[in-house]
>>> print(open('input_34.txt').read())   # compact mmCIF, C-alpha atoms and all ligand atoms
# COMPACT_ATOMS: atom_id res chain seq x y z
CA MET A 28 -57.32 4.59 -19.27
CA HIS A 29 -57.04 4.23 -23.04
CA ASP A 30 -53.47 4.75 -24.29
CA ASP A 31 -54.43 7.68 -26.51
CA LEU A 32 -56.07 9.48 -23.62
CA ARG A 33 -53.04 8.81 -21.51
CA LEU A 34 -50.88 10.44 -24.19
CA LEU A 35 -53.18 13.43 -24.59
CA GLU A 36 -53.13 14.02 -20.87
CA ALA A 37 -49.40 13.48 -20.53
CA LYS A 38 -48.03 15.99 -18.09
CA THR A 39 -44.67 14.83 -16.82
CA LEU A 40 -41.44 15.36 -18.69
CA GLN A 41 -41.06 11.59 -18.98
CA GLN A 42 -44.48 11.16 -20.60
CA THR A 43 -44.02 14.11 -22.91
CA LEU A 44 -40.64 12.84 -24.08
CA GLU A 45 -41.95 9.32 -24.58
CA ARG A 46 -44.68 10.67 -26.82
CA ARG A 47 -42.26 12.87 -28.80
CA LEU A 48 -39.83 9.96 -29.29
CA ALA A 49 -42.56 7.59 -30.40
CA GLU A 50 -43.74 10.14 -32.97
CA LEU A 51 -40.19 10.66 -34.25
CA SER A 52 -39.67 6.96 -34.68
CA ALA A 53 -43.04 6.42 -36.36
CA SER A 54 -42.70 9.33 -38.81
CA THR A 55 -39.03 8.85 -39.78
CA GLY A 56 -38.21 5.19 -39.22
CA ILE A 57 -35.21 6.27 -37.12
CA ALA A 58 -34.74 3.75 -34.29
CA VAL A 59 -35.02 5.36 -30.86
CA GLU A 60 -33.08 3.91 -27.94
CA VAL A 61 -34.25 5.22 -24.60
CA TRP A 62 -31.56 4.46 -22.05
CA ALA A 63 -33.13 6.38 -19.21
CA LEU A 64 -35.87 8.88 -18.46
CA PRO A 65 -36.44 10.38 -15.02
CA LYS A 66 -39.28 8.81 -13.02
CA GLY A 67 -39.62 11.62 -10.50
CA ASP A 68 -41.22 14.96 -11.15
CA ILE A 69 -38.88 17.61 -12.51
CA PRO A 70 -39.85 21.14 -11.49
CA ASP A 71 -40.89 23.75 -14.02
CA PRO A 72 -39.23 25.64 -15.66
CA VAL A 73 -36.49 22.99 -15.74
CA ALA A 74 -38.81 20.45 -17.37
CA ARG A 75 -39.96 22.95 -19.98
CA ASN A 76 -36.46 24.05 -20.93
CA VAL A 77 -35.04 20.53 -21.01
CA TYR A 78 -37.92 19.47 -23.23
CA ALA A 79 -37.36 22.45 -25.52
CA ALA A 80 -33.66 21.57 -25.86
CA VAL A 81 -34.38 17.90 -26.56
CA SER A 82 -36.96 18.94 -29.12
CA GLU A 83 -34.41 21.07 -31.02
CA ALA A 84 -31.90 18.22 -30.84
CA LEU A 85 -34.43 15.75 -32.25
CA ALA A 86 -35.46 18.20 -34.98
CA ASN A 87 -31.80 18.30 -36.05
CA VAL A 88 -31.53 14.52 -36.00
CA GLU A 89 -34.63 14.36 -38.17
CA ARG A 90 -33.63 17.07 -40.63
CA HIS A 91 -29.88 16.79 -40.96
CA SER A 92 -28.38 13.59 -39.60
CA GLY A 93 -29.52 10.72 -41.82
CA ALA A 94 -29.09 8.65 -38.67
CA GLY A 95 -30.32 5.08 -38.29
CA THR A 96 -30.49 5.33 -34.51
CA VAL A 97 -30.81 8.07 -31.92
CA SER A 98 -30.19 7.37 -28.24
CA ILE A 99 -31.39 9.41 -25.30
CA ALA A 100 -30.49 9.29 -21.64
CA LEU A 101 -31.93 11.71 -19.10
CA THR A 102 -30.96 10.88 -15.55
CA LEU A 103 -31.53 12.49 -12.19
CA ALA A 104 -28.86 11.43 -9.73
CA LYS A 105 -27.28 13.21 -6.77
CA SER A 106 -29.70 16.08 -7.44
CA CYS A 107 -28.11 16.64 -10.83
CA LEU A 108 -29.91 16.29 -14.15
CA ARG A 109 -27.86 14.92 -17.04
CA LEU A 110 -28.91 14.71 -20.67
CA THR A 111 -27.33 12.91 -23.60
CA VAL A 112 -28.86 12.75 -27.08
CA SER A 113 -26.63 11.02 -29.59
CA ASP A 114 -27.12 9.92 -33.18
CA ASP A 115 -25.09 7.82 -35.58
CA GLY A 116 -25.62 10.15 -38.50
CA CYS A 117 -23.38 12.35 -40.64
CA GLY A 118 -22.22 14.75 -37.91
CA PHE A 119 -21.03 18.23 -38.86
CA PRO A 120 -17.80 20.26 -38.98
CA SER A 121 -16.58 22.18 -35.94
CA GLY A 122 -17.37 25.86 -36.10
CA THR A 123 -20.90 25.20 -37.32
CA THR A 124 -23.42 27.63 -35.85
CA GLY A 125 -27.15 28.15 -36.15
CA ARG A 126 -30.31 29.25 -34.44
CA GLY A 127 -31.16 25.76 -33.16
CA LEU A 128 -27.72 25.09 -31.68
CA SER A 129 -27.77 28.50 -29.94
CA ALA A 130 -31.32 27.97 -28.71
CA MET A 131 -30.43 24.60 -27.11
CA LYS A 132 -27.57 26.20 -25.19
CA ALA A 133 -29.76 29.13 -24.19
CA TYR A 134 -32.49 26.82 -22.83
CA PHE A 135 -29.95 25.20 -20.49
CA ALA A 136 -28.22 28.46 -19.58
CA GLU A 137 -31.59 29.95 -18.62
CA ILE A 138 -32.05 27.32 -15.90
CA GLY A 139 -28.47 27.53 -14.65
CA GLY A 140 -27.28 24.56 -16.66
CA ASP A 141 -24.79 24.00 -19.44
CA LEU A 142 -25.10 22.26 -22.81
CA THR A 143 -22.66 21.41 -25.57
CA VAL A 144 -23.19 19.92 -29.01
CA ASN A 145 -20.41 17.86 -30.51
CA GLY A 146 -20.67 16.91 -34.18
CA VAL A 147 -18.00 14.73 -35.75
CA PRO A 148 -18.05 14.61 -39.58
CA GLY A 149 -18.94 11.03 -40.45
CA GLY A 150 -19.09 10.15 -36.75
CA GLY A 151 -22.46 11.33 -35.53
CA THR A 152 -23.55 14.01 -33.14
CA THR A 153 -23.80 14.10 -29.35
CA VAL A 154 -25.68 16.69 -27.33
CA SER A 155 -24.62 16.75 -23.66
CA GLY A 156 -26.37 18.83 -21.04
CA ILE A 157 -26.19 19.15 -17.29
CA VAL A 158 -28.31 20.98 -14.74
CA PRO A 159 -26.52 21.28 -11.40
CA PRO A 160 -28.23 20.71 -8.01
CA ARG A 161 -28.50 24.40 -7.13
CA ALA A 162 -30.57 24.95 -10.28
CA LEU A 163 -32.94 22.10 -9.35
CA ARG A 164 -33.59 23.33 -5.80
CA ARG A 165 -36.37 25.82 -5.40
N1 LIG A 201 -27.73 15.92 -35.42
C1 LIG A 201 -27.15 16.55 -36.48
N2 LIG A 201 -26.66 15.81 -37.52
C2 LIG A 201 -26.07 16.43 -38.57
N3 LIG A 201 -25.92 17.76 -38.70
C3 LIG A 201 -26.39 18.53 -37.71
C4 LIG A 201 -27.03 17.97 -36.55
N4 LIG A 201 -27.37 18.99 -35.73
C5 LIG A 201 -26.97 20.10 -36.35
N5 LIG A 201 -26.39 19.85 -37.54
C6 LIG A 201 -25.80 20.84 -38.48
O1 LIG A 201 -25.66 22.07 -37.79
C7 LIG A 201 -26.36 23.08 -38.50
C8 LIG A 201 -26.91 24.08 -37.50
O2 LIG A 201 -27.97 23.51 -36.73
P1 LIG A 201 -29.11 24.45 -36.17
O3 LIG A 201 -30.08 23.62 -35.42
O4 LIG A 201 -28.48 25.57 -35.42
O5 LIG A 201 -29.77 25.08 -37.46
P2 LIG A 201 -30.78 24.42 -38.50
O6 LIG A 201 -31.28 23.11 -37.99
O7 LIG A 201 -30.10 24.43 -39.84
O8 LIG A 201 -31.98 25.47 -38.54
P3 LIG A 201 -33.02 25.73 -37.37
O9 LIG A 201 -32.84 27.15 -37.01
O10 LIG A 201 -34.35 25.44 -37.96
O11 LIG A 201 -32.72 24.82 -36.22
C9 LIG A 201 -27.41 22.35 -39.32
O12 LIG A 201 -27.80 23.08 -40.43
C10 LIG A 201 -26.66 21.08 -39.69
O13 LIG A 201 -25.80 21.32 -40.77
MG MG A 202 -32.03 22.93 -36.04
>>> encode(input="input_34.txt", output="structure tokens")
Amino acid sequence: MHDDLRLLEAKTLQQTLERRLAELSASTGIAVEVWALPKGDIPDPVARNVYAAVSEALANVERHSGAGTVSIALTLAKSCLRLTVSDDGCGFPSGTTGRGLSAMKAYFAEIGGDLTVNGVPGGGTTVSGIVPPRALRR
């Protein structure tokens, strides 16, 4: 299959994220380091909500961070899904709030998970999320 068709027909979380990350890199010049993406199928609505959270995180990297590099790791081990998105940009002061930060947390809370965003002024930003096994069973 031609690569473009493969992208258009992307269905798994892994494929969808790969496409999103490639677009981010191409349109911004920010280097994307993919440390891990899950090979297995992730059930809906977990996949949808994780994608939505990553998308908000990447939008923030693009709009606010001035980062040179963003790294992503999404791993499925011991029936637990773990997400890290970190950038080496400007970070932000503690106490910062906003619609996007709240939305990311809400996407994880909705599927029984938990997400935190840690910005360090001058030291980049790390988004950490976890979806426990009970939330992945269905
Ligand atoms: N990766 C990041 N690097 C630097 N600053 C960030 C990053 N993520 C968030 N911020 C800071 O936190 C603020 C709040 O982020 P949030 O996503 O909630 O709102 P927003 O991006 O300003 O607007 P939107 O509602 O469109 O997402 C941002 O305005 C920015 O100052
Ligand atoms: Mg935002």
>>> closest_residue(input="input_34.txt", among="A:Gly93, A:Gly56, A:Gly139, A:Gly125", to="Pro72 of chain A", atoms="all atoms listed in the file")
A:Gly139
>>> closest_atom_pairs(input="input_34.txt", of="chain A", to="ligand LIG 201 (chain A)", cutoff="8 Å", atoms="all atoms listed in the file", output="Markdown table")
| residue | atom | partner | partner_atom | distance |
| --- | --- | --- | --- | --- |
| A:Glu83 | CA | A:LIG201 | O11 | 6.6 |
| A:Ala84 | CA | A:LIG201 | N1 | 6.6 |
| A:Leu85 | CA | A:LIG201 | N1 | 7.4 |
| A:Ala86 | CA | A:LIG201 | O6 | 7.1 |
| A:Asn87 | CA | A:LIG201 | N4 | 4.5 |
| A:Val88 | CA | A:LIG201 | N1 | 4.1 |
| A:Glu89 | CA | A:LIG201 | N1 | 7.6 |
| A:Arg90 | CA | A:LIG201 | O6 | 7.0 |
| A:His91 | CA | A:LIG201 | C2 | 4.5 |
| A:Ser92 | CA | A:LIG201 | N2 | 3.5 |
| A:Gly93 | CA | A:LIG201 | N2 | 7.3 |
| A:Ala94 | CA | A:LIG201 | N2 | 7.6 |
| A:Ser113 | CA | A:LIG201 | N1 | 7.7 |
| A:Asp114 | CA | A:LIG201 | N1 | 6.4 |
| A:Gly116 | CA | A:LIG201 | N2 | 5.8 |
| A:Cys117 | CA | A:LIG201 | C2 | 5.3 |
| A:Gly118 | CA | A:LIG201 | C2 | 4.3 |
| A:Phe119 | CA | A:LIG201 | N3 | 4.9 |
| A:Thr123 | CA | A:LIG201 | O1 | 5.7 |
| A:Thr124 | CA | A:LIG201 | C8 | 5.2 |
| A:Gly125 | CA | A:LIG201 | O4 | 3.0 |
| A:Arg126 | CA | A:LIG201 | O9 | 4.2 |
| A:Gly127 | CA | A:LIG201 | O3 | 3.3 |
| A:Leu128 | CA | A:LIG201 | O4 | 3.8 |
| A:Ser129 | CA | A:LIG201 | O4 | 6.3 |
| A:Ala130 | CA | A:LIG201 | O4 | 7.7 |
| A:Val144 | CA | A:LIG201 | N4 | 8.0 |
| A:Gly146 | CA | A:LIG201 | C4 | 6.9 |
| A:Gly151 | CA | A:LIG201 | N2 | 6.5 |
| A:Thr152 | CA | A:LIG201 | N1 | 5.1 |
| A:Thr153 | CA | A:LIG201 | N1 | 7.5 |
>>> residues_around(input="input_34.txt", residues="Ala104 of chain A", least_positions_apart="4", cutoff="10 Å", atoms="only C-alpha atoms", output="number ranges by chain")
A: 65, 108-109, 160
>>> closest_residue(input="input_34.txt", among="A:Ile69, A:Thr39, A:Ser82, A:Ala136", to="ligand MG 202 (chain A)", atoms="all atoms listed in the file")
A:Ser82
>>> axis_aligned_box(input="input_34.txt", around="segment 80-90 of chain A", padding_each_side="3 Å", output="JSON")
{"center_x": -34.2, "center_y": 18.0, "center_z": -33.2, "size_x": 11.4, "size_y": 13.2, "size_z": 20.8}
>>> residues_around(input="input_34.txt", residues="Ile157 of chain A", least_positions_apart="4", cutoff="10 Å", atoms="all atoms listed in the file", output="list in words")
Val77, Leu101, Thr102, Leu103, Cys107, Leu108, Arg109, Leu110, Thr111, Phe135, Ala136, Gly139, Gly140, Asp141, Leu142 and Thr143 of chain A
>>> atom_distance(input="input_34.txt", atom1="atom CA of Leu163 of chain A", atom2="atom CA of Ser106 of chain A")
7.1 Å
>>> closest_residue(input="input_34.txt", among="A:Asp68, A:Asn76, A:Val81, A:Gly149", to="ligand MG 202 (chain A)", atoms="all atoms listed in the file")
A:Val81
>>> atom_distance(input="input_34.txt", atom1="atom CA of Ala49 of chain A", atom2="atom CA of Val154 of chain A")
19.4 Å
>>> closest_residue(input="input_34.txt", among="A:Ser155, A:Ser121, A:Leu48, A:Met131", to="ligand MG 202 (chain A)", atoms="all atoms listed in the file")
A:Met131
>>> atom_distance(input="input_34.txt", atom1="atom CA of Pro120 of chain A", atom2="atom CA of Ala133 of chain A")
21.0 Å
>>> residues_around(input="input_34.txt", residues="Ile99 of chain A", least_positions_apart="6", cutoff="6 Å", atoms="only C-alpha atoms", output="mmCIF file with C-alpha atoms, in the coordinates of the input")
data_model
loop_
_atom_site.group_PDB
_atom_site.id
_atom_site.type_symbol
_atom_site.label_atom_id
_atom_site.label_comp_id
_atom_site.auth_asym_id
_atom_site.auth_seq_id
_atom_site.Cartn_x
_atom_site.Cartn_y
_atom_site.Cartn_z
ATOM 1 C CA VAL A 61 -34.250 5.220 -24.600
ATOM 2 C CA TRP A 62 -31.560 4.460 -22.050
ATOM 3 C CA THR A 111 -27.330 12.910 -23.600
ATOM 4 C CA VAL A 112 -28.860 12.750 -27.080
#
>>> closest_residue(input="input_34.txt", among="A:Ile138, A:Val73, A:Ala162, A:Ser98", to="Ala58 of chain A", atoms="all atoms listed in the file")
A:Ser98
>>> closest_residue(input="input_34.txt", among="A:Ala79, A:Glu137, A:Val158, A:Gly150", to="ligand MG 202 (chain A)", atoms="only C-alpha atoms and all ligand atoms")
A:Ala79
>>> decode(input="input_34.txt", residues="segment 37-63 of chain A", atoms="N, CA and C atoms", output="mmCIF file, in the first residue's frame")
data_model
loop_
_atom_site.group_PDB
_atom_site.id
_atom_site.type_symbol
_atom_site.label_atom_id
_atom_site.label_comp_id
_atom_site.auth_asym_id
_atom_site.auth_seq_id
_atom_site.Cartn_x
_atom_site.Cartn_y
_atom_site.Cartn_z
ATOM 1 N N ALA A 37 -5.117 5.119 8.622
ATOM 2 C CA ALA A 37 -4.593 4.808 9.952
ATOM 3 C C ALA A 37 -5.730 4.665 10.953
ATOM 4 N N LYS A 38 -5.702 3.610 11.713
ATOM 5 C CA LYS A 38 -6.785 3.386 12.655
ATOM 6 C C LYS A 38 -6.294 3.219 14.077
ATOM 7 N N THR A 39 -5.120 2.614 14.242
ATOM 8 C CA THR A 39 -4.666 2.362 15.613
ATOM 9 C C THR A 39 -4.124 3.646 16.230
ATOM 10 N N LEU A 40 -4.048 3.625 17.551
ATOM 11 C CA LEU A 40 -3.496 4.768 18.270
ATOM 12 C C LEU A 40 -2.055 5.022 17.822
ATOM 13 N N GLN A 41 -1.298 3.939 17.665
ATOM 14 C CA GLN A 41 0.094 4.070 17.236
ATOM 15 C C GLN A 41 0.196 4.795 15.894
ATOM 16 N N GLN A 42 -0.605 4.364 14.933
ATOM 17 C CA GLN A 42 -0.552 4.975 13.597
ATOM 18 C C GLN A 42 -0.998 6.429 13.633
ATOM 19 N N THR A 43 -2.043 6.688 14.401
ATOM 20 C CA THR A 43 -2.571 8.046 14.472
ATOM 21 C C THR A 43 -1.551 8.981 15.110
ATOM 22 N N LEU A 44 -0.886 8.497 16.159
ATOM 23 C CA LEU A 44 0.141 9.315 16.817
ATOM 24 C C LEU A 44 1.331 9.534 15.903
ATOM 25 N N GLU A 45 1.729 8.491 15.198
ATOM 26 C CA GLU A 45 2.875 8.637 14.291
ATOM 27 C C GLU A 45 2.608 9.719 13.251
ATOM 28 N N ARG A 46 1.376 9.734 12.749
ATOM 29 C CA ARG A 46 1.021 10.731 11.740
ATOM 30 C C ARG A 46 1.047 12.137 12.353
ATOM 31 N N ARG A 47 0.451 12.269 13.537
ATOM 32 C CA ARG A 47 0.397 13.573 14.217
ATOM 33 C C ARG A 47 1.808 14.098 14.496
ATOM 34 N N LEU A 48 2.701 13.206 14.945
ATOM 35 C CA LEU A 48 4.065 13.604 15.291
ATOM 36 C C LEU A 48 4.853 13.993 14.058
ATOM 37 N N ALA A 49 4.640 13.274 12.975
ATOM 38 C CA ALA A 49 5.329 13.600 11.724
ATOM 39 C C ALA A 49 4.894 14.974 11.224
ATOM 40 N N GLU A 50 3.595 15.261 11.348
ATOM 41 C CA GLU A 50 3.079 16.569 10.919
ATOM 42 C C GLU A 50 3.657 17.685 11.784
ATOM 43 N N LEU A 51 3.718 17.450 13.087
ATOM 44 C CA LEU A 51 4.263 18.453 14.006
ATOM 45 C C LEU A 51 5.703 18.786 13.632
ATOM 46 N N SER A 52 6.469 17.745 13.424
ATOM 47 C CA SER A 52 7.873 17.924 13.089
ATOM 48 C C SER A 52 8.041 18.659 11.767
ATOM 49 N N ALA A 53 7.240 18.271 10.777
ATOM 50 C CA ALA A 53 7.351 18.878 9.444
ATOM 51 C C ALA A 53 6.932 20.341 9.469
ATOM 52 N N SER A 54 5.883 20.683 10.229
ATOM 53 C CA SER A 54 5.361 22.045 10.169
ATOM 54 C C SER A 54 6.102 23.009 11.094
ATOM 55 N N THR A 55 6.777 22.482 12.128
ATOM 56 C CA THR A 55 7.425 23.386 13.093
ATOM 57 C C THR A 55 8.947 23.287 13.106
ATOM 58 N N GLY A 56 9.485 22.186 12.612
ATOM 59 C CA GLY A 56 10.926 21.983 12.702
ATOM 60 C C GLY A 56 11.368 21.475 14.069
ATOM 61 N N ILE A 57 10.408 21.297 14.998
ATOM 62 C CA ILE A 57 10.734 20.725 16.307
ATOM 63 C C ILE A 57 11.090 19.253 16.102
ATOM 64 N N ALA A 58 12.229 18.824 16.662
ATOM 65 C CA ALA A 58 12.626 17.423 16.541
ATOM 66 C C ALA A 58 11.731 16.577 17.444
ATOM 67 N N VAL A 59 11.277 15.460 16.919
ATOM 68 C CA VAL A 59 10.403 14.558 17.679
ATOM 69 C C VAL A 59 11.162 13.272 17.971
ATOM 70 N N GLU A 60 11.276 12.951 19.240
ATOM 71 C CA GLU A 60 11.894 11.680 19.638
ATOM 72 C C GLU A 60 10.789 10.753 20.111
ATOM 73 N N VAL A 61 10.602 9.665 19.419
ATOM 74 C CA VAL A 61 9.601 8.681 19.838
ATOM 75 C C VAL A 61 10.330 7.551 20.543
ATOM 76 N N TRP A 62 10.157 7.489 21.854
ATOM 77 C CA TRP A 62 10.850 6.452 22.632
ATOM 78 C C TRP A 62 10.079 5.153 22.606
ATOM 79 N N ALA A 63 8.762 5.263 22.618
ATOM 80 C CA ALA A 63 7.946 4.048 22.560
ATOM 81 C C ALA A 63 6.518 4.397 22.190
#
